[in-house]
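Here is the structure we will look at.
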Amino acid sequence: MAHRSDLRLLVLHGLRLKGAAGPDSVADAVGLPVAEVGRQVQALESQGFAVHRDGPPTGWSLTPAGRAEHARVVAHEIDATGSRDTVASAYARFRALNAGVLEACSRWQVRELAGHPVRNDHRDPAYDHGVVADLVALHRRAEPVVSDLAVALERYRRYRAHLDRAIAKVERGEGDWFTNPLMPSYHTVWFELHEDLLTTLGLDRSAEPQPGQPAASAEPEAASKGVS
């Protein structure tokens with residue numbers, strides 16, 4: 001059975017991933033009722049771990065102490081459950097796919113014509129079909145990665161469902177589900193999974209090697225660092 005994270009950790013994690021968000025957004029991110037998120041956020045505020053900001057962006061966010069608390073409890077969880085090796089392996093496999101997914105997203109938005117990059121106006125069905133086919137192939141390779149994560153930690157289960165939903169809508173011709181940042185598009189969910197893996201392992205993006213370099217160690221840092 002996959003380990004089920006406690007409610008407090010889930011809300012800390014949701015706030016860490018979202019940066020600043022309302023209870024409804026955090027609830028959707030971590031699969032909890034909005035009312036429960038509200039209760040947990042109020043408790044975190046009383047402990048000095050969360051604060052509500054009027055924005056922009058508006059919403060709840062972690063204080064520096066909250067980010068340190070998040071790093072502590074997440075590191076404890078993967079060590080106490082024996083999940084660190086599974087998450088680290090998934091991270092390495094994710095990274096092997098990441099460049100291809102980001103390239104497909106870029107090609108969906110911009111294409112080259114006569115040697116110049118231009119905005120993709122999606123008037124060329126053959127071009128779009130090729131980009132979608134590439135993303136679908138990458139998604140098939142990513143499925144076992146996400147499934148392995150979900151077997152270890154239940155909180156990863158939502159990524160499989162959200163990625164499956166996005167790719168199905170893209171295949172049906174709903175192009176916004178490819179890269180639109182204002183909805184749970186494929187790129188939005190993929191980016192959040194990347195952030196999740198980094199924060200769970202206590203890494204930041206600067207720890208990621210450039211192509212051709214060996215993978216960075218997945219040892220936890222003393223405190224979670226911000227990522228761009």
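Note on naming: chains are A, B, ... as they come in the structure tokens, residues start from 1 per chain, ligands start from 1 in the order shown.
Excluding His76 of chain A itself and any same-chain residue fewer than 4 positions from it, the protein and nucleic acid residues within 12 Å of it, counting only C-alpha atoms, are Ser5, Leu9, Glu69, His70, Ala71, Arg72, Ala80, Thr81, Gly82, Ser83, Arg84, Thr200, Leu201, Gly202 and Pro220 of chain A.
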Those selected residues, please, written with all heavy atoms and delivered as a CSV table (one decimal), in the first residue's frame.
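The resulting file, selection-v3.csv, is shown below:
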chain,number,residue,atom,x,y,z
A,5,SER,N,0.2,10.5,3.0
A,5,SER,CA,0.7,11.6,3.8
A,5,SER,C,-0.3,12.2,4.7
A,5,SER,O,-1.5,12.2,4.4
A,5,SER,CB,1.2,12.7,2.8
A,5,SER,OG,2.1,12.2,1.9
A,9,LEU,N,1.1,17.8,6.3
A,9,LEU,CA,2.1,17.8,5.2
A,9,LEU,C,1.6,18.1,3.9
A,9,LEU,O,2.2,18.9,3.1
A,9,LEU,CB,2.8,16.4,5.2
A,9,LEU,CG,4.0,16.2,4.3
A,9,LEU,CD1,4.9,15.2,4.8
A,9,LEU,CD2,3.5,15.8,2.9
A,69,GLU,N,10.0,24.3,7.5
A,69,GLU,CA,9.2,23.2,8.1
A,69,GLU,C,8.8,22.2,7.0
A,69,GLU,O,8.8,21.0,7.2
A,69,GLU,CB,8.0,23.8,8.8
A,69,GLU,CG,7.0,22.8,9.4
A,69,GLU,CD,7.5,22.0,10.5
A,69,GLU,OE1,8.7,22.2,10.9
A,69,GLU,OE2,6.8,21.1,11.0
A,70,HIS,N,8.4,22.8,5.9
A,70,HIS,CA,8.0,21.9,4.8
A,70,HIS,C,9.2,21.0,4.4
A,70,HIS,O,9.0,19.8,4.2
A,70,HIS,CB,7.6,22.7,3.5
A,70,HIS,CG,7.5,21.9,2.3
A,70,HIS,ND1,8.6,21.8,1.4
A,70,HIS,CD2,6.5,21.1,1.8
A,70,HIS,CE1,8.2,21.0,0.4
A,70,HIS,NE2,7.0,20.6,0.6
A,71,ALA,N,10.4,21.5,4.3
A,71,ALA,CA,11.6,20.8,3.9
A,71,ALA,C,11.8,19.7,4.9
A,71,ALA,O,12.2,18.5,4.6
A,71,ALA,CB,12.8,21.7,3.8
A,72,ARG,N,11.6,20.0,6.2
A,72,ARG,CA,11.9,19.0,7.3
A,72,ARG,C,10.9,17.9,7.2
A,72,ARG,O,11.3,16.7,7.3
A,72,ARG,CB,11.7,19.7,8.6
A,72,ARG,CG,12.1,18.8,9.8
A,72,ARG,CD,11.7,19.5,11.2
A,72,ARG,NE,10.3,19.6,11.4
A,72,ARG,CZ,9.5,18.6,11.8
A,72,ARG,NH1,10.1,17.4,12.0
A,72,ARG,NH2,8.3,18.8,12.0
A,80,ALA,N,11.5,8.1,6.4
A,80,ALA,CA,10.7,7.2,7.3
A,80,ALA,C,10.0,6.1,6.6
A,80,ALA,O,9.8,5.0,7.1
A,80,ALA,CB,9.8,8.0,8.2
A,81,THR,N,9.5,6.4,5.4
A,81,THR,CA,8.8,5.4,4.6
A,81,THR,C,9.7,4.6,3.7
A,81,THR,O,9.2,3.7,2.9
A,81,THR,CB,7.7,6.1,3.7
A,81,THR,OG1,8.3,7.0,2.8
A,81,THR,CG2,6.7,6.8,4.6
A,82,GLY,N,11.0,4.9,3.6
A,82,GLY,CA,11.9,4.2,2.7
A,82,GLY,C,11.7,4.5,1.3
A,82,GLY,O,12.0,3.7,0.4
A,83,SER,N,11.1,5.7,1.0
A,83,SER,CA,10.8,6.1,-0.4
A,83,SER,C,11.9,6.9,-1.1
A,83,SER,O,11.7,7.2,-2.3
A,83,SER,CB,9.5,6.9,-0.4
A,83,SER,OG,8.4,6.2,0.3
A,84,ARG,N,12.9,7.2,-0.4
A,84,ARG,CA,13.9,8.1,-1.0
A,84,ARG,C,14.5,7.5,-2.3
A,84,ARG,O,14.6,8.2,-3.3
A,84,ARG,CB,15.0,8.5,-0.1
A,84,ARG,CG,16.1,9.4,-0.7
A,84,ARG,CD,17.1,9.9,0.4
A,84,ARG,NE,16.4,10.8,1.4
A,84,ARG,CZ,16.2,12.0,1.2
A,84,ARG,NH1,16.5,12.6,0.0
A,84,ARG,NH2,15.7,12.8,2.2
A,200,THR,N,10.8,17.6,-2.9
A,200,THR,CA,10.8,16.4,-2.1
A,200,THR,C,12.2,15.9,-1.8
A,200,THR,O,12.5,15.4,-0.7
A,200,THR,CB,9.9,15.3,-2.8
A,200,THR,OG1,8.6,15.7,-2.9
A,200,THR,CG2,10.0,14.0,-2.0
A,201,LEU,N,13.0,16.0,-2.8
A,201,LEU,CA,14.4,15.6,-2.6
A,201,LEU,C,15.3,16.7,-2.0
A,201,LEU,O,16.5,16.5,-1.8
A,201,LEU,CB,15.0,15.1,-4.0
A,201,LEU,CG,14.4,13.8,-4.5
A,201,LEU,CD1,14.8,13.6,-6.0
A,201,LEU,CD2,14.7,12.6,-3.6
A,202,GLY,N,14.8,17.9,-1.8
A,202,GLY,CA,15.6,19.0,-1.2
A,202,GLY,C,16.6,19.6,-2.2
A,202,GLY,O,17.6,20.0,-1.8
A,220,PRO,N,19.2,15.4,0.7
A,220,PRO,CA,18.5,16.6,1.1
A,220,PRO,C,19.4,17.7,1.6
A,220,PRO,O,20.5,17.5,2.1
A,220,PRO,CB,17.7,16.1,2.3
A,220,PRO,CG,18.5,14.9,2.9
A,220,PRO,CD,19.1,14.3,1.7
Could you list, with a cut-off of 10 Å and counting only C-alpha atoms, the residues of segment 168-205 of chain A near segment 20-32 of chain A, each shown with its nearest atom pair and the distance in Å rounded to one decimal, rows sorted by chain and ascending number, as a tab-separated table?
residue	atom	partner	partner_atom	distance
A:Pro184	CA	A:Ala29	CA	9.9
A:Val189	CA	A:Ala29	CA	9.7
A:Glu192	CA	A:Ala29	CA	9.5
For the residues in that selection, give me C-alpha atoms as a PDB file, in the first residue's frame.
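Okay, selection-v1.pdb is ready:
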ATOM      1  CA  PRO A 184      -4.058  22.229 -15.618  1.00  0.00           C
ATOM      2  CA  VAL A 189       1.090  19.604 -14.511  1.00  0.00           C
ATOM      3  CA  GLU A 192       4.456  21.059 -11.053  1.00  0.00           C
TER       4      GLU A 192
END
Task: Contact residues around Tyr91 of chain A with only C-alpha atoms at 9 Å, ignoring same-chain residues under 4 positions, as a list in words - done: Thr86, Val87, Arg95, Ala96, Val145, His194, Leu197, Leu198, Leu201 and Ala218 of chain A
Output all heavy atoms for every residue in that selection, as a PDB file, in the first residue's frame.
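Output contents, as saved in out-v5.pdb:
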ATOM      1  N   THR A  86      13.197   5.385  -4.380  1.00  0.00           N
ATOM      2  CA  THR A  86      12.173   5.376  -5.425  1.00  0.00           C
ATOM      3  C   THR A  86      12.004   6.760  -6.034  1.00  0.00           C
ATOM      4  O   THR A  86      11.938   6.916  -7.259  1.00  0.00           O
ATOM      5  CB  THR A  86      10.828   4.895  -4.856  1.00  0.00           C
ATOM      6  OG1 THR A  86      10.974   3.554  -4.388  1.00  0.00           O
ATOM      7  CG2 THR A  86       9.734   4.947  -5.919  1.00  0.00           C
ATOM      8  N   VAL A  87      11.931   7.788  -5.181  1.00  0.00           N
ATOM      9  CA  VAL A  87      11.741   9.153  -5.674  1.00  0.00           C
ATOM     10  C   VAL A  87      12.980   9.614  -6.442  1.00  0.00           C
ATOM     11  O   VAL A  87      12.873  10.247  -7.501  1.00  0.00           O
ATOM     12  CB  VAL A  87      11.419  10.114  -4.517  1.00  0.00           C
ATOM     13  CG1 VAL A  87      11.305  11.553  -5.024  1.00  0.00           C
ATOM     14  CG2 VAL A  87      10.122   9.696  -3.823  1.00  0.00           C
ATOM     15  N   ARG A  95      13.965  13.387 -15.549  1.00  0.00           N
ATOM     16  CA  ARG A  95      14.893  14.309 -16.196  1.00  0.00           C
ATOM     17  C   ARG A  95      15.267  13.846 -17.598  1.00  0.00           C
ATOM     18  O   ARG A  95      15.503  14.664 -18.494  1.00  0.00           O
ATOM     19  CB  ARG A  95      16.165  14.482 -15.361  1.00  0.00           C
ATOM     20  CG  ARG A  95      15.966  15.322 -14.096  1.00  0.00           C
ATOM     21  CD  ARG A  95      17.284  15.787 -13.519  1.00  0.00           C
ATOM     22  NE  ARG A  95      17.966  16.659 -14.475  1.00  0.00           N
ATOM     23  CZ  ARG A  95      19.027  16.326 -15.187  1.00  0.00           C
ATOM     24  NH1 ARG A  95      19.552  15.123 -15.097  1.00  0.00           N
ATOM     25  NH2 ARG A  95      19.575  17.184 -16.016  1.00  0.00           N
ATOM     26  N   ALA A  96      15.319  12.546 -17.803  1.00  0.00           N
ATOM     27  CA  ALA A  96      15.640  12.017 -19.125  1.00  0.00           C
ATOM     28  C   ALA A  96      14.554  12.351 -20.141  1.00  0.00           C
ATOM     29  O   ALA A  96      14.819  12.401 -21.352  1.00  0.00           O
ATOM     30  CB  ALA A  96      15.850  10.503 -19.049  1.00  0.00           C
ATOM     31  N   VAL A 145       6.940   6.006 -14.798  1.00  0.00           N
ATOM     32  CA  VAL A 145       7.645   6.829 -13.814  1.00  0.00           C
ATOM     33  C   VAL A 145       6.666   7.321 -12.753  1.00  0.00           C
ATOM     34  O   VAL A 145       6.897   7.196 -11.545  1.00  0.00           O
ATOM     35  CB  VAL A 145       8.342   8.023 -14.494  1.00  0.00           C
ATOM     36  CG1 VAL A 145       9.024   8.908 -13.461  1.00  0.00           C
ATOM     37  CG2 VAL A 145       9.345   7.539 -15.531  1.00  0.00           C
ATOM     38  N   HIS A 194       7.711  18.352 -11.739  1.00  0.00           N
ATOM     39  CA  HIS A 194       9.145  18.644 -11.652  1.00  0.00           C
ATOM     40  C   HIS A 194       9.443  19.357 -10.328  1.00  0.00           C
ATOM     41  O   HIS A 194      10.368  18.982  -9.593  1.00  0.00           O
ATOM     42  CB  HIS A 194       9.553  19.516 -12.842  1.00  0.00           C
ATOM     43  CG  HIS A 194      11.029  19.637 -13.021  1.00  0.00           C
ATOM     44  ND1 HIS A 194      11.589  20.372 -14.050  1.00  0.00           N
ATOM     45  CD2 HIS A 194      12.076  19.127 -12.327  1.00  0.00           C
ATOM     46  CE1 HIS A 194      12.910  20.292 -13.967  1.00  0.00           C
ATOM     47  NE2 HIS A 194      13.230  19.552 -12.923  1.00  0.00           N
ATOM     48  N   LEU A 197       9.185  16.912  -7.359  1.00  0.00           N
ATOM     49  CA  LEU A 197      10.343  16.037  -7.204  1.00  0.00           C
ATOM     50  C   LEU A 197      11.523  16.790  -6.606  1.00  0.00           C
ATOM     51  O   LEU A 197      12.226  16.270  -5.726  1.00  0.00           O
ATOM     52  CB  LEU A 197      10.724  15.434  -8.562  1.00  0.00           C
ATOM     53  CG  LEU A 197       9.732  14.412  -9.120  1.00  0.00           C
ATOM     54  CD1 LEU A 197      10.049  14.110 -10.586  1.00  0.00           C
ATOM     55  CD2 LEU A 197       9.752  13.126  -8.296  1.00  0.00           C
ATOM     56  N   LEU A 198      11.750  18.005  -7.084  1.00  0.00           N
ATOM     57  CA  LEU A 198      12.860  18.801  -6.571  1.00  0.00           C
ATOM     58  C   LEU A 198      12.688  19.107  -5.088  1.00  0.00           C
ATOM     59  O   LEU A 198      13.618  18.925  -4.286  1.00  0.00           O
ATOM     60  CB  LEU A 198      12.980  20.107  -7.357  1.00  0.00           C
ATOM     61  CG  LEU A 198      13.483  19.996  -8.800  1.00  0.00           C
ATOM     62  CD1 LEU A 198      13.265  21.317  -9.528  1.00  0.00           C
ATOM     63  CD2 LEU A 198      14.951  19.615  -8.839  1.00  0.00           C
ATOM     64  N   LEU A 201      13.047  16.045  -2.781  1.00  0.00           N
ATOM     65  CA  LEU A 201      14.433  15.601  -2.618  1.00  0.00           C
ATOM     66  C   LEU A 201      15.341  16.689  -2.045  1.00  0.00           C
ATOM     67  O   LEU A 201      16.527  16.466  -1.846  1.00  0.00           O
ATOM     68  CB  LEU A 201      14.984  15.125  -3.971  1.00  0.00           C
ATOM     69  CG  LEU A 201      14.355  13.830  -4.496  1.00  0.00           C
ATOM     70  CD1 LEU A 201      14.751  13.590  -5.950  1.00  0.00           C
ATOM     71  CD2 LEU A 201      14.734  12.639  -3.630  1.00  0.00           C
ATOM     72  N   ALA A 218      20.828  13.225  -4.906  1.00  0.00           N
ATOM     73  CA  ALA A 218      19.503  13.549  -4.385  1.00  0.00           C
ATOM     74  C   ALA A 218      19.507  13.614  -2.870  1.00  0.00           C
ATOM     75  O   ALA A 218      18.541  13.289  -2.213  1.00  0.00           O
ATOM     76  CB  ALA A 218      18.485  12.505  -4.858  1.00  0.00           C
TER      77      ALA A 218
END
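Here atom CA of Gly175 of chain A is placed at a distance of 9.5 Å from atom CA of Val132 of chain A.
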Task: All residues 10 Å or closer to Ile167 of chain A, only C-alpha atoms, same chain fewer than 5 positions away omitted, as a PyMOL selection string - done: chain A and resi 132+135-136+139+162+172-175+177-178+185-186
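Note that atom CA of Asn98 of chain A and atom CA of Ala142 of chain A are 9.5 Å apart.
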Task: Minimum-distance residue to Leu62 of chain A, chosen among A:Arg8, A:His13, A:His187, A:Arg119 (using only C-alpha atoms) - done: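 Of A:Arg8, A:His13, A:His187, A:Arg119, the one nearest Leu62 of chain A is A:His13, counting only C-alpha atoms.
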- [ ] Could you tell me how far atom CA of Arg53 of chain A lies from atom CA of Leu10 of chain A, in Å and to one decimal?
- [x]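 Spanning atom CA of Arg53 of chain A to atom CA of Leu10 of chain A is a straight-line distance of 20.4 Å.
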